[in-house]
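For reference, protein-v2.cif (mmCIF, C-alpha atoms):
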```cif
data_coords
loop_
_atom_site.group_PDB
_atom_site.id
_atom_site.type_symbol
_atom_site.label_atom_id
_atom_site.label_comp_id
_atom_site.auth_asym_id
_atom_site.auth_seq_id
_atom_site.Cartn_x
_atom_site.Cartn_y
_atom_site.Cartn_z
ATOM 1 C CA GLY I 24 -8.989 -18.317 12.663
ATOM 2 C CA ALA I 25 -10.927 -15.356 13.975
ATOM 3 C CA GLN I 26 -9.938 -11.785 13.182
ATOM 4 C CA LEU I 27 -8.222 -10.253 16.219
ATOM 5 C CA TRP I 28 -8.316 -6.581 15.300
ATOM 6 C CA GLU I 29 -8.666 -4.089 12.477
ATOM 7 C CA TYR I 30 -6.900 -0.785 11.791
ATOM 8 C CA ASP I 31 -8.452 1.642 9.330
ATOM 9 C CA VAL I 32 -5.687 3.147 7.156
ATOM 10 C CA PRO I 33 -6.890 6.262 5.295
ATOM 11 C CA GLY I 34 -6.163 7.002 1.656
ATOM 12 C CA HIS I 35 -5.328 4.768 -1.287
ATOM 13 C CA ASP I 36 -1.571 4.280 -1.043
ATOM 14 C CA LEU I 37 -1.112 1.369 -3.461
ATOM 15 C CA GLU I 38 2.660 1.316 -2.867
ATOM 16 C CA ARG I 39 2.458 1.062 0.932
ATOM 17 C CA GLU I 40 4.669 -1.647 2.420
ATOM 18 C CA ILE I 41 4.400 -2.880 6.007
ATOM 19 C CA ALA I 42 7.434 -3.628 8.183
ATOM 20 C CA VAL I 43 7.225 -5.880 11.244
ATOM 21 C CA GLY I 44 9.571 -5.519 14.212
ATOM 22 C CA HIS I 45 11.155 -8.322 16.214
ATOM 23 C CA ASP I 46 8.557 -7.818 18.972
ATOM 24 C CA GLY I 47 5.609 -7.926 16.556
ATOM 25 C CA THR I 48 5.119 -4.157 16.319
ATOM 26 C CA ILE I 49 3.818 -3.178 12.864
ATOM 27 C CA TYR I 50 5.151 -0.086 11.076
ATOM 28 C CA PHE I 51 3.787 1.672 8.001
ATOM 29 C CA ARG I 52 3.404 5.068 6.421
ATOM 30 C CA GLU I 53 0.076 6.855 6.439
ATOM 31 C CA MET I 54 -1.215 9.835 4.469
ATOM 32 C CA ARG I 55 -4.242 11.717 5.736
ATOM 33 C CA LEU I 56 -6.056 14.628 4.098
ATOM 34 C CA VAL I 57 -6.618 17.460 6.572
ATOM 35 C CA LEU I 58 -8.582 20.623 5.778
ATOM 36 C CA ASP I 59 -6.427 23.748 6.013
ATOM 37 C CA PRO I 60 -8.492 26.219 8.107
ATOM 38 C CA VAL I 61 -6.911 29.253 6.418
ATOM 39 C CA PHE I 62 -6.807 28.320 2.720
ATOM 40 C CA LEU I 63 -9.663 25.774 2.848
ATOM 41 C CA VAL I 64 -7.728 23.179 0.828
ATOM 42 C CA GLN I 65 -6.932 19.560 1.630
ATOM 43 C CA ASP I 66 -3.400 19.267 3.004
ATOM 44 C CA GLN I 67 -1.535 15.956 2.784
ATOM 45 C CA VAL I 68 -0.213 14.910 6.206
ATOM 46 C CA TRP I 69 2.327 12.047 6.135
ATOM 47 C CA SER I 70 3.088 10.013 9.256
ATOM 48 C CA LEU I 71 5.143 7.001 10.298
ATOM 49 C CA VAL I 72 2.833 4.881 12.436
ATOM 50 C CA ALA I 73 3.656 2.053 14.862
ATOM 51 C CA VAL I 74 0.823 -0.338 15.803
ATOM 52 C CA ASN I 75 0.826 -2.997 18.513
ATOM 53 C CA GLY I 76 0.707 -6.345 16.724
ATOM 54 C CA ASP I 77 -1.400 -7.972 19.459
ATOM 55 C CA THR I 78 -4.075 -5.285 19.906
ATOM 56 C CA GLY I 79 -3.997 -3.214 16.720
ATOM 57 C CA LEU I 80 -3.721 -0.039 18.793
ATOM 58 C CA PRO I 81 -1.309 2.690 17.637
ATOM 59 C CA VAL I 82 1.638 3.086 20.028
ATOM 60 C CA ALA I 83 3.588 5.818 18.208
ATOM 61 C CA ARG I 84 3.198 8.321 15.399
ATOM 62 C CA TYR I 85 5.778 10.619 13.811
ATOM 63 C CA THR I 86 4.288 13.299 11.563
ATOM 64 C CA VAL I 87 6.500 14.717 8.814
ATOM 65 C CA PRO I 88 6.645 18.550 8.695
ATOM 66 C CA ALA I 89 4.521 20.228 6.037
ATOM 67 C CA SER I 90 5.967 21.736 2.867
ATOM 68 C CA SER I 91 5.292 25.267 1.674
ATOM 69 C CA VAL I 92 6.046 27.874 -0.984
ATOM 70 C CA VAL I 93 7.003 31.456 -0.110
ATOM 71 C CA PHE I 94 6.228 34.036 -2.803
ATOM 72 C CA VAL I 95 8.413 37.151 -2.545
ATOM 73 C CA ASN I 96 7.108 40.153 -4.485
ATOM 74 C CA THR I 97 10.162 41.914 -5.899
ATOM 75 C CA CYS I 98 8.035 44.618 -7.536
ATOM 76 C CA PHE I 99 5.851 45.922 -4.708
ATOM 77 C CA GLY I 100 7.471 44.217 -1.715
ATOM 78 C CA GLY I 101 5.961 41.807 0.780
ATOM 79 C CA GLN I 102 5.574 38.044 0.697
ATOM 80 C CA SER I 103 3.010 35.311 1.202
ATOM 81 C CA THR I 104 3.254 31.630 2.173
ATOM 82 C CA LEU I 105 1.075 28.844 0.801
ATOM 83 C CA PRO I 106 0.993 25.086 1.528
ATOM 84 C CA SER I 107 2.394 23.025 -1.343
ATOM 85 C CA ASN I 108 1.544 19.360 -0.553
ATOM 86 C CA THR I 109 5.006 18.203 -1.658
ATOM 87 C CA THR I 110 6.057 16.411 1.544
ATOM 88 C CA PHE I 111 6.699 12.687 1.091
ATOM 89 C CA LEU I 112 7.569 9.682 3.272
ATOM 90 C CA SER I 113 9.151 6.424 2.093
ATOM 91 C CA ASN I 114 8.089 3.003 3.268
ATOM 92 C CA PRO I 115 9.825 2.031 6.542
ATOM 93 C CA ILE I 116 12.348 -0.742 7.154
ATOM 94 C CA VAL I 117 13.346 -2.513 10.367
ATOM 95 C CA GLY I 118 17.084 -2.714 11.022
ATOM 96 C CA PRO I 119 18.933 -5.671 12.570
ATOM 97 C CA ASP I 120 18.708 -4.136 16.058
ATOM 98 C CA GLY I 121 14.975 -3.358 15.796
ATOM 99 C CA ARG I 122 15.272 0.337 15.001
ATOM 100 C CA VAL I 123 12.921 1.566 12.283
ATOM 101 C CA PHE I 124 13.996 3.877 9.468
ATOM 102 C CA ALA I 125 12.194 5.907 6.825
ATOM 103 C CA GLU I 126 13.212 8.643 4.414
ATOM 104 C CA THR I 127 11.407 11.994 4.075
ATOM 105 C CA ILE I 128 11.415 14.915 1.670
ATOM 106 C CA VAL I 129 10.209 18.352 2.793
ATOM 107 C CA LYS I 130 10.159 21.388 0.511
ATOM 108 C CA LYS I 131 10.411 25.000 1.694
ATOM 109 C CA GLU I 132 10.496 26.628 -1.716
ATOM 110 C CA ILE I 133 11.049 30.352 -2.328
ATOM 111 C CA GLN I 134 9.778 32.017 -5.504
ATOM 112 C CA ALA I 135 10.123 35.597 -6.699
ATOM 113 C CA THR I 136 7.227 37.425 -8.356
ATOM 114 C CA GLY I 137 8.321 40.249 -10.658
ATOM 115 C CA CYS I 138 6.462 43.271 -11.997
ATOM 116 C CA ASP I 139 5.470 41.179 -15.038
ATOM 117 C CA GLY I 140 3.535 38.842 -12.731
ATOM 118 C CA PHE I 141 5.645 35.780 -13.518
ATOM 119 C CA ASN I 142 7.168 33.595 -10.799
ATOM 120 C CA SER I 143 10.719 32.251 -10.792
ATOM 121 C CA VAL I 144 12.256 29.799 -8.332
ATOM 122 C CA ILE I 145 14.969 31.363 -6.157
ATOM 123 C CA ASN I 146 15.501 28.395 -3.855
ATOM 124 C CA PRO I 147 13.849 24.964 -4.305
ATOM 125 C CA GLY I 148 14.362 24.413 -0.560
ATOM 126 C CA LEU I 149 14.528 20.618 -0.736
ATOM 127 C CA SER I 150 15.534 18.742 2.406
ATOM 128 C CA LEU I 151 15.902 14.959 2.705
ATOM 129 C CA SER I 152 15.978 13.447 6.192
ATOM 130 C CA LEU I 153 16.354 10.026 7.765
ATOM 131 C CA VAL I 154 13.671 9.251 10.348
ATOM 132 C CA GLU I 155 14.712 6.834 13.089
ATOM 133 C CA MET I 156 12.139 5.318 15.465
ATOM 134 C CA GLN I 157 13.295 3.163 18.357
ATOM 135 C CA ALA I 158 12.052 -0.427 18.560
ATOM 136 C CA GLY I 159 8.474 -0.824 19.747
ATOM 137 C CA GLY I 160 7.537 2.732 18.783
ATOM 138 C CA GLY I 161 9.995 4.516 21.063
ATOM 139 C CA ALA I 162 11.601 7.927 20.674
ATOM 140 C CA THR I 163 11.759 9.231 17.112
ATOM 141 C CA THR I 164 14.305 11.580 15.554
ATOM 142 C CA ALA I 165 14.711 13.039 12.065
ATOM 143 C CA VAL I 166 18.207 13.897 10.828
ATOM 144 C CA PRO I 167 18.599 15.937 7.588
ATOM 145 C CA PHE I 168 21.263 14.406 5.342
ATOM 146 C CA GLN I 169 20.878 16.350 2.086
ATOM 147 C CA THR I 170 19.686 19.843 1.124
ATOM 148 C CA ILE I 171 19.198 21.239 -2.375
ATOM 149 C CA SER I 172 19.094 25.024 -2.540
ATOM 150 C CA SER I 173 19.688 25.822 -6.224
ATOM 151 C CA ILE I 174 18.109 25.075 -9.581
ATOM 152 C CA PHE I 175 19.811 23.167 -12.403
ATOM 153 C CA SER I 176 22.339 25.004 -14.562
ATOM 154 C CA ASP I 177 19.873 25.048 -17.470
ATOM 155 C CA GLY I 178 17.318 26.866 -15.304
ATOM 156 C CA SER I 179 15.000 23.914 -14.746
ATOM 157 C CA LYS I 180 13.492 23.246 -11.342
ATOM 158 C CA PRO I 181 14.664 20.178 -9.361
ATOM 159 C CA ALA I 182 12.559 17.753 -7.365
ATOM 160 C CA ALA I 183 13.883 15.019 -5.078
ATOM 161 C CA PHE I 184 12.245 11.655 -4.476
ATOM 162 C CA PRO I 185 13.214 9.258 -1.663
ATOM 163 C CA SER I 186 13.294 5.570 -2.476
ATOM 164 C CA ASP I 187 14.545 2.403 -0.770
ATOM 165 C CA LEU I 188 16.567 2.018 2.412
ATOM 166 C CA ILE I 189 19.109 -0.705 3.218
ATOM 167 C CA PRO I 190 21.027 -1.256 6.499
ATOM 168 C CA ASP I 191 24.741 -0.652 5.834
ATOM 169 C CA GLY I 192 25.869 -3.384 8.256
ATOM 170 C CA GLN I 193 27.570 -0.878 10.561
ATOM 171 C CA GLY I 194 24.578 0.616 12.368
ATOM 172 C CA GLY I 195 23.769 3.104 9.627
ATOM 173 C CA VAL I 196 21.493 3.115 6.596
ATOM 174 C CA LEU I 197 22.013 3.436 2.854
ATOM 175 C CA ALA I 198 19.368 5.836 1.512
ATOM 176 C CA LEU I 199 18.578 5.785 -2.209
ATOM 177 C CA TRP I 200 17.101 8.946 -3.725
ATOM 178 C CA SER I 201 16.856 10.612 -7.117
ATOM 179 C CA LEU I 202 16.988 14.167 -8.407
ATOM 180 C CA ILE I 203 14.504 14.916 -11.172
ATOM 181 C CA SER I 204 13.909 17.858 -13.482
ATOM 182 C CA VAL I 205 10.346 19.096 -13.001
ATOM 183 C CA ASN I 206 10.377 20.647 -16.490
ATOM 184 C CA SER I 207 11.187 17.418 -18.341
ATOM 185 C CA ASN I 208 10.130 14.882 -15.663
ATOM 186 C CA LEU I 209 13.384 12.991 -16.280
ATOM 187 C CA ILE I 210 15.840 11.652 -13.720
ATOM 188 C CA ARG I 211 18.971 13.836 -13.675
ATOM 189 C CA GLU I 212 20.905 12.135 -10.877
ATOM 190 C CA VAL I 213 20.609 9.032 -8.688
ATOM 191 C CA HIS I 214 22.215 9.141 -5.254
ATOM 192 C CA MET I 215 23.060 6.654 -2.515
ATOM 193 C CA THR I 216 23.763 8.290 0.844
ATOM 194 C CA ASP I 217 25.250 6.373 3.757
ATOM 195 C CA VAL I 218 23.723 7.949 6.873
ATOM 196 C CA SER I 219 25.190 7.058 10.274
ATOM 197 C CA THR I 220 26.017 8.590 13.648
ATOM 198 C CA THR I 221 29.261 9.930 12.159
ATOM 199 C CA GLY I 222 27.498 11.861 9.389
ATOM 200 C CA ALA I 223 26.438 11.321 5.791
ATOM 201 C CA ASN I 224 28.525 10.219 2.815
ATOM 202 C CA ASP I 225 26.835 10.755 -0.534
ATOM 203 C CA PHE I 226 27.609 8.850 -3.738
ATOM 204 C CA THR I 227 26.273 9.566 -7.219
ATOM 205 C CA VAL I 228 25.265 6.361 -8.983
ATOM 206 C CA PRO I 229 26.564 6.355 -12.594
ATOM 207 C CA LEU I 230 23.320 5.654 -14.445
ATOM 208 C CA ALA I 231 21.978 7.210 -17.634
ATOM 209 C CA ALA I 232 19.593 10.121 -17.126
ATOM 210 C CA GLY I 233 15.930 9.312 -17.663
ATOM 211 C CA ASN I 234 16.169 5.659 -16.658
ATOM 212 C CA PRO I 235 13.663 4.332 -14.091
ATOM 213 C CA ILE I 236 15.376 3.201 -10.878
ATOM 214 C CA THR I 237 14.312 0.226 -8.765
ATOM 215 C CA MET I 238 16.000 -1.730 -5.965
#
```
Take the structure from the file and write it as structure tokens.
Amino acid sequence: GAQLWEYDVPGHDLEREIAVGHDGTIYFREMRLVLDPVFLVQDQVWSLVAVNGDTGLPVARYTVPASSVVFVNTCFGGQSTLPSNTTFLSNPIVGPDGRVFAETIVKKEIQATGCDGFNSVINPGLSLSLVEMQAGGGATTAVPFQTISSIFSDGSKPAAFPSDLIPDGQGGVLALWSLISVNSNLIREVHMTDVSTTGANDFTVPLAAGNPITM
């Protein structure tokens, strides 16, 4: 048959997965590069996009907040803030009732700069949230369900990565995510968090550190 419409998705996201709602609305994540007018660098802007399945026209877009690093000068005083391009958005899923869910990570890191000129992480400022978009591209909310505000006991810096989402059968969502050491690039912890209207219950999955995790 003839092509009905075309939507130009920017970037080269080889792991992008499309979700289709009960009414034919198409949902996917999108990453655009936008020039920062102050620092003149390319910022990564992640969005959850809903497209009308009949026309190919976007009907909704939720843009994930940007991440940043604050450098606090403990020697001379003052601080500066720079973009960090560490925001991330998981692929979306469609729940049984048509609601759409995705998982985000936003980093608001704080580093201290001493008189020796070296930086040390004071607060990794990691925040994981569950994005919920109503069926057909309706109202969208983002609810934080996990924050990480300290480094590992051995002094290494943590990073969090969202993964798959599964409906929990009770109106909520099971969110899989992992905590990784930036220094060694190994998985330290794997978590499954049940996020619902009553709150979030987090479970640590008993898997050996360093193993790749798939679902």
May I have the residues within 10 Å of I:Phe168 as a compact mmCIF listing (two decimals) with C-alpha atoms, in the frame of the given file, using all atoms listed in the file and disregarding those fewer than 2 positions away in the same chain?
```txt
# COMPACT_ATOMS: atom_id res chain seq x y z
CA GLU I 126 13.21 8.64 4.41
CA SER I 150 15.53 18.74 2.41
CA LEU I 151 15.90 14.96 2.70
CA SER I 152 15.98 13.45 6.19
CA LEU I 153 16.35 10.03 7.76
CA ALA I 165 14.71 13.04 12.06
CA VAL I 166 18.21 13.90 10.83
CA THR I 170 19.69 19.84 1.12
CA ALA I 198 19.37 5.84 1.51
CA THR I 216 23.76 8.29 0.84
CA ASP I 217 25.25 6.37 3.76
CA VAL I 218 23.72 7.95 6.87
CA SER I 219 25.19 7.06 10.27
CA GLY I 222 27.50 11.86 9.39
CA ALA I 223 26.44 11.32 5.79
CA ASN I 224 28.52 10.22 2.82
CA ASP I 225 26.84 10.76 -0.53
```
Just want the 9 Å neighbourhood of I:Asp120, counted on all atoms listed in the file, with same-chain residues fewer than 2 positions away dropped. Output as a ChimeraX atom specification.
/I:45,117-118,122-123,158,194
Stretch 133-135 of chain I: which residues within 6 Å, counting all atoms listed in the file, same-chain residues fewer than 4 positions away excluded, as a list in words?
Val92, Val93, Phe94, Val95, Asn96, Asn142, Ser143, Val144, Ile145 and Asn146 of chain I
Expand the PyMOL selection byres ((chain I and resi 182-188) around 8) into the explicit residue set it covers here, and present it as number ranges by chain.
I: 111-116, 124-128, 147, 149, 151, 180-181, 189-190, 196-205, 238
Give me, as a PyMOL selection string, all polymer residues having an atom no more than 10 Å from I:Phe62, counting all atoms listed in the file and skipping those fewer than 3 positions away in the same chain. chain I and resi 58-59+65-66+105-106
One decimal place gives the atom CA of I:Met215-atom CA of I:Lys131 separation as 22.7 Å
**OP:** Excluding I:Asp46 and any residue of its chain fewer than 2 positions from it, enumerate the residues within 10 Å of it, using only C-alpha atoms, and give them as a list in words.
**Re:**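 Neighbouring residues, sequence-local ones excluded: Val43, Gly44, Thr48, Ile49, Asn75, Gly76, Asp77, Gly121, Ala158 and Gly159 of chain I.
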Explicit residues for the PyMOL selection byres ((chain I and resi 33) around 10) (as a PyMOL selection string) | chain I and resi 30-32+34-36+53-56
Discussion item. My list of candidates is I:Gln26, I:Ser70, I:Ser179, I:Gln157. Which is closest to I:Ser207 when distances are computed with all atoms listed in the file?
Written reply: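 Under the stated criterion, the closest residue is I:Ser179.
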As an exercise, work out the distance from atom CA of I:Ala25 to atom CA of I:Gly79 in Å and give it to one decimal place.
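Going from atom CA of I:Ala25 over to atom CA of I:Gly79, I get 14.2 Å.
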For this session: Could you jot down the atom CA of I:Pro119 to atom CA of I:Gly192 separation for me, Å, one decimal place?
Result: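 Computing the Euclidean distance for atom CA of I:Pro119 and atom CA of I:Gly192 yields 8.5 Å.
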Explicit residues for the PyMOL selection byres ((chain I and resi 163) around 9) (as a PDB file with C-alpha atoms, in the coordinates of the input):
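The result, stored in expr.pdb:
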```pdb
ATOM      1  CA  ALA I  83       3.588   5.818  18.208  1.00  0.00           C
ATOM      2  CA  ARG I  84       3.198   8.321  15.399  1.00  0.00           C
ATOM      3  CA  TYR I  85       5.778  10.619  13.811  1.00  0.00           C
ATOM      4  CA  VAL I 154      13.671   9.251  10.348  1.00  0.00           C
ATOM      5  CA  GLU I 155      14.712   6.834  13.089  1.00  0.00           C
ATOM      6  CA  MET I 156      12.139   5.318  15.465  1.00  0.00           C
ATOM      7  CA  GLN I 157      13.295   3.163  18.357  1.00  0.00           C
ATOM      8  CA  GLY I 160       7.537   2.732  18.783  1.00  0.00           C
ATOM      9  CA  GLY I 161       9.995   4.516  21.063  1.00  0.00           C
ATOM     10  CA  ALA I 162      11.601   7.927  20.674  1.00  0.00           C
ATOM     11  CA  THR I 164      14.305  11.580  15.554  1.00  0.00           C
ATOM     12  CA  ALA I 165      14.711  13.039  12.065  1.00  0.00           C
TER      13      ALA I 165
END
```
With distances taken over all atoms listed in the file, which of I:Leu27, I:Val68, I:Val228, I:Val61 is nearest to I:Thr104?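 Smallest separation from I:Thr104 among the options: I:Val61.
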Find the smallest box with edges along x, y and z containing every listed atom of stretch 214-229 of chain I, then add 6 Å on each side and report centre and edge lengths in Å to one decimal, as JSON.
```
{"center_x": 25.7, "center_y": 9.1, "center_z": 0.5, "size_x": 19.0, "size_y": 17.5, "size_z": 38.2}
```
